[in-house]
Structures are given as C-alpha cells and as structure tokens.
Amino acid sequence: MGAAVDPKEIVRLSREHAEIKRAADAASSLLSMRARLAEAEALVAAGADDPDLAELAFEEVGELRDILPERERDMQLLLLPKDADDAANAVLEVRAGTGGDEAALFAGDLFRMYQRYAASRGWQVEIVSVSEGEVGGFKEVIASVVGDGVFGRWKFESGVHRVQRVPVTEGGGRIHTSAATVAVLPAPEDVDIEVRDQHIRVDPMRASGAGGQHVNKTDSAVRITHLPTGIVVTSSEKSQHYNRAKAMEVLKIRLYEREREMKDAARAQARKLQVGSGDRSERIRTYNFPQGRVTDHRINLTLHKLDIVLTGDGLDELLDALIAEDQAERLAALDGGET
C-alpha cells in the first residue's frame with residue numbers, strides 16, 4: 001500500500017487489506033481457541049493430580065466446545081469466494097409494472113424506501129432519469145447510488161415487487177394487485193467497456209418531469225441507443241453535456257451487467273438458489289397493506305411490519321435473511337450438499 005500513488009489504487013488496496021485482515025484476525029483467533037481447547041482437555045485428562053485445576057479446565061472445555069462451531073462457521077463464511085462486485089456502487093432502476101396509476105404510485109413508494117435506506121447508511125443517491133406518473137409516483141426512475149458495498153447489500157432486490165392494497169383511485173374500497181420491477185446493477189469504478197461511436201445513436205429529447213419552466217421546453221435530455229444490443233438509456237437533467245456523459249456511464253454499466261450475466265449463466269443454472277437468480281421477471285416479494293405484512297417468496301419470510309419496512313428502517317431484516325440464505329447455500333455447495 002505504501003508504494004501506491006494513484007488515489008483509486010490506494011482505495012482499492014485499502015479495501016482489500018481490510019478484507020484480508022478481517023479473515024486473518026479471525027483465523028488467528030480460531031487457532032488460539034483450538035489451542036486453548038487442547039490444553040484444557042489435557043488438564044482434564046490429568047485431573048487426578050490437581051482436582052481444582054481439572055474442574056476449571058472442565059468448565060473451559062464446555063465453553064470452548066459451545067463457541068467453536070460458531071467461530072468455525074464464521075471463518076468459513078469469510079473464506080467463501082466473494083462476488084467481485086459486492087463492494088461496488090450501483091444503478092437502481094424502479095419501473096411501474098401492471099396496474100396503471102396504482103403501479104406508478106407503488107414504484108414511488110419503493111423508490112422512497114430505497115432512498116431512506118440509503119440515507120441511513122450514508123449513501124449518496126443521484127437521479128439520472130425520471131418519468132413521473134399521471135397521479136404521482138413514477139413510471140420509471142433510474143438513480144446512481146454511491147456508497148460502501150451498495151451492490152452487495154441490494155443485489156437480491158432485483159425482481160418483481162407486488163403490492164396488494166386499496167388504491168387511492170378506487171372508490172369502492174376493493175383491494176387491487178399491482179406490481180413494480182426493481183433492477184440493481186453493479187457500477188464498479190473501473191468498468192472497462194469500449195463503446196464505439198458507430199455503435200450508438202444519440203437522440204436529443206425534451207426533458208420530462210414535475211413542473212418548472214425548463215421542463216418540455218428545451219431539448220436537453222439525451223437518449224442513447226446501443227445498436228448491437230438494442231439497449232436504450234436516457235438522462236434527463238438540465239445540462240445536455242451532463243446528460244450525454246451520464247447516459248454513457250449508465251450504458252457501460254448495462255453492457256457490463258450483460259457480460260456479467262452471460263458469464264454467470266452456466267453457474268446459475270448448475271446451482272439451485274433459493275434466494276433466486278435476481279431475474280427481473282421473477283416475483284420476489286409481496287407487500288400486503290390490509291394485513292400489514294411483507295412476504296419474501298424466495299425464503300418464505302413474512303414480516304408483520306410493512307410500515308417500518310417502507311420507511312427503510314425494517315429493510316435490513318429482509319436483506320440480512322437473504323444474504324444469510326445465500327451464504328448457507330454456498331456453504332452447502334462447498335460441503336458437497338449440492339445435488
């Protein structure tokens with residue numbers, strides 16, 4: 001680390017050092033605990049010479065045998081192969097699905113949930129592109145989220161989120177089912193994707209959003225189409241120069257994610273994941289307002305704290321459970337439990 005001069009390289013090495021040190025410290029502690037257990041067991045075996053010491057050693061043997069399995073499991077988790085993108089920033093995309101105006105309102109609820117959660121962790125959220133619903137919420141909102149480990153924390157949020165509630169637009173009090181889709185894409189700092197000018201089409205557009213003299217009066221928004229893949233990205237802030245740069249950044253992230261998915265396809269098919277593949281077409285969670293519950297269908301977890309989850313404060317309980325399930329699956333695969 002002392003030989004590095006590039007700031008980005010120093011940050012990368014610092015993160016790598018912190019991760020390695022954590023595993024090294026855990027390994028040292030585990031080895032020390034095993035040595036203490038062996039010593040205590042030897043004292044118990046020689047207990048006739050010093051009964052009092054043997055009794056103390058017997059108690060320590062019991063304590064260490066209770067603690068060791070948990071510490072060994074923690075060590076295994078630290079040594080699991082890491083997703084190279086877990087520490088990366090992310091692009092968050094939330095889109096209204098089936099359900100018309102109610103779906104757009106629900107997409108707005110989800111986006112605000114993620115915004116509040118990000119704020120609680122000190123992450124920075126910057127809206128890249130937004131298309132608002134007719135009665136509120138969003139038809140589509142795309143944002144970049146910068147912070148420590150954003151993608152690793154949110155990567156299982158991709159998929160279809162379903163809501164069951166009485167819409168504000170419903171006069172008869174009937175419960176409707178609507179949906180919104182969420183996509184979380186890794187945004188590593190060193191995305192090395194070449195995009196040639198002849199492979200893209202750049203179209204100026206009129207900005208769309210809530211109010212203001214600027215909206216719908218100047219062609220400041222930018223839409224970029226990647227011709228070989230058909231991927232389309234937009235950015236709709238006030239500066240056209242900024243919009244083009246931001247749209248290109250998002251395009252590279254989308255292309256990076258496409259390559260990542262192609263590389264991981266074979267592995268994902270070979271290993272059954274209860275947590276799910278992160279496929280955006282997969283229904284992952286239901287938010288039921290009449291019963292005040294949230295159910296994650298991948299791990300069969302139901303929380304009766306819908307209001308707390310939607311504030312962002314209760315989201316950690318779902319995220320922790322999803323991450324733990326993924327870790328358990330990967331440990332089982334390493335132990336030969338995969339069928």
# chains A, B, ... in the order shown; residues from 1 in each chain; ligands from 1
call {"tool": "residues_around", "arguments": {"residues": "Leu77 of chain A", "least_positions_apart": "2", "cutoff": "12 Å", "atoms": "only C-alpha atoms", "output": "list of chain:residue names"}}
result
A:Arg22, A:Ala23, A:Ala26, A:Ala27, A:Glu70, A:Arg71, A:Glu72, A:Arg73, A:Asp74, A:Met75, A:Leu79, A:Leu80, A:Pro81, A:Lys82, A:Ile323, A:Ala324, A:Glu325, A:Asp326, A:Gln327, A:Ala328, A:Glu329, A:Arg330, A:Leu331, A:Ala332, A:Leu334
call {"tool": "residues_around", "arguments": {"residues": "Gly149 of chain A", "least_positions_apart": "4", "cutoff": "8 Å", "atoms": "only C-alpha atoms", "output": "list in words"}}
result
Asp86, Ala87, Ala88, Asn89 and Arg153 of chain A
call {"tool": "closest_residue", "arguments": {"among": "A:Ala103, A:Ala35, A:Ala45, A:Leu251", "to": "Glu194 of chain A", "atoms": "only C-alpha atoms"}}
result
A:Leu251
call {"tool": "residues_around", "arguments": {"residues": "Leu319 of chain A", "least_positions_apart": "2", "cutoff": "8 Å", "atoms": "only C-alpha atoms", "output": "PyMOL selection string"}}
result
chain A and resi 153-154+156+315-317+321-323
call {"tool": "select_by_dssp", "arguments": {"residues": "segment 60-102 of chain A", "states": "strand (DSSP E or B)", "output": "list of chain:residue names"}}
result
A:Asn89, A:Ala90, A:Val91, A:Leu92, A:Glu93, A:Val94, A:Arg95, A:Ala96
call {"tool": "closest_residue", "arguments": {"among": "A:Gly314, A:Pro69, A:Pro186, A:Gly97", "to": "Arg293 of chain A", "atoms": "only C-alpha atoms"}}
result
A:Gly314
call {"tool": "closest_residue", "arguments": {"among": "A:Ala90, A:Leu13, A:Leu30, A:Ala40", "to": "Ile67 of chain A", "atoms": "only C-alpha atoms"}}
result
A:Leu30
call {"tool": "residues_around", "arguments": {"residues": "segment 138-144 of chain A", "least_positions_apart": "6", "cutoff": "8 Å", "atoms": "only C-alpha atoms", "output": "list in words"}}
result
Asn89, Ala90, Val91, Leu92, Glu93, Val94, Arg95, Ala96, Ala103, Ala104, Leu105, Ala107, Gly108, Phe111, Val125, Glu126, Ile127, Val128, Ser129, Val130, Ser131 and Glu132 of chain A
call {"tool": "write_last_selection", "arguments": {"atoms": "C-alpha atoms", "output": "mmCIF file, in the first residue's frame"}}
result
data_model
loop_
_atom_site.group_PDB
_atom_site.id
_atom_site.type_symbol
_atom_site.label_atom_id
_atom_site.label_comp_id
_atom_site.auth_asym_id
_atom_site.auth_seq_id
_atom_site.Cartn_x
_atom_site.Cartn_y
_atom_site.Cartn_z
ATOM 1 C CA ASN A 89 -21.677 1.247 -6.267
ATOM 2 C CA ALA A 90 -24.953 0.522 -8.066
ATOM 3 C CA VAL A 91 -27.519 1.781 -10.518
ATOM 4 C CA LEU A 92 -31.043 1.408 -9.149
ATOM 5 C CA GLU A 93 -33.923 1.159 -11.617
ATOM 6 C CA VAL A 94 -37.565 1.109 -10.481
ATOM 7 C CA ARG A 95 -40.369 0.808 -13.042
ATOM 8 C CA ALA A 96 -44.126 0.624 -12.761
ATOM 9 C CA ALA A 103 -48.358 0.682 -10.121
ATOM 10 C CA ALA A 104 -46.710 4.080 -10.611
ATOM 11 C CA LEU A 105 -47.651 5.113 -7.060
ATOM 12 C CA ALA A 107 -42.996 2.378 -7.741
ATOM 13 C CA GLY A 108 -42.741 5.739 -5.984
ATOM 14 C CA PHE A 111 -38.014 4.252 -4.602
ATOM 15 C CA VAL A 125 -28.449 8.855 -4.382
ATOM 16 C CA GLU A 126 -28.466 10.817 -7.638
ATOM 17 C CA ILE A 127 -31.426 10.594 -10.004
ATOM 18 C CA VAL A 128 -30.284 10.008 -13.587
ATOM 19 C CA SER A 129 -33.619 9.748 -15.364
ATOM 20 C CA VAL A 130 -37.235 10.021 -14.267
ATOM 21 C CA SER A 131 -40.668 9.682 -15.844
ATOM 22 C CA GLU A 132 -43.435 10.600 -13.432
#
call {"tool": "residues_around", "arguments": {"residues": "segment 197-200 of chain A", "least_positions_apart": "6", "cutoff": "7 Å", "atoms": "only C-alpha atoms", "output": "PyMOL selection string"}}
result
chain A and resi 224-228
call {"tool": "select_by_dssp", "arguments": {"residues": "segment 101-153 of chain A", "states": "helix (DSSP H, G or I)", "output": "list in words"}}
result
Asp101, Glu102, Ala103, Ala104, Leu105, Phe106, Ala107, Gly108, Asp109, Leu110, Phe111, Arg112, Met113, Tyr114, Gln115, Arg116, Tyr117, Ala118, Ala119, Ser120, Val150, Phe151, Gly152 and Arg153 of chain A
call {"tool": "closest_residue", "arguments": {"among": "A:Arg254, A:Arg121, A:Arg201, A:Arg165", "to": "Val184 of chain A", "atoms": "only C-alpha atoms"}}
result
A:Arg254
call {"tool": "residues_around", "arguments": {"residues": "Arg223 of chain A", "least_positions_apart": "6", "cutoff": "6 Å", "atoms": "only C-alpha atoms", "output": "PyMOL selection string"}}
result
chain A and resi 202-203+233-234
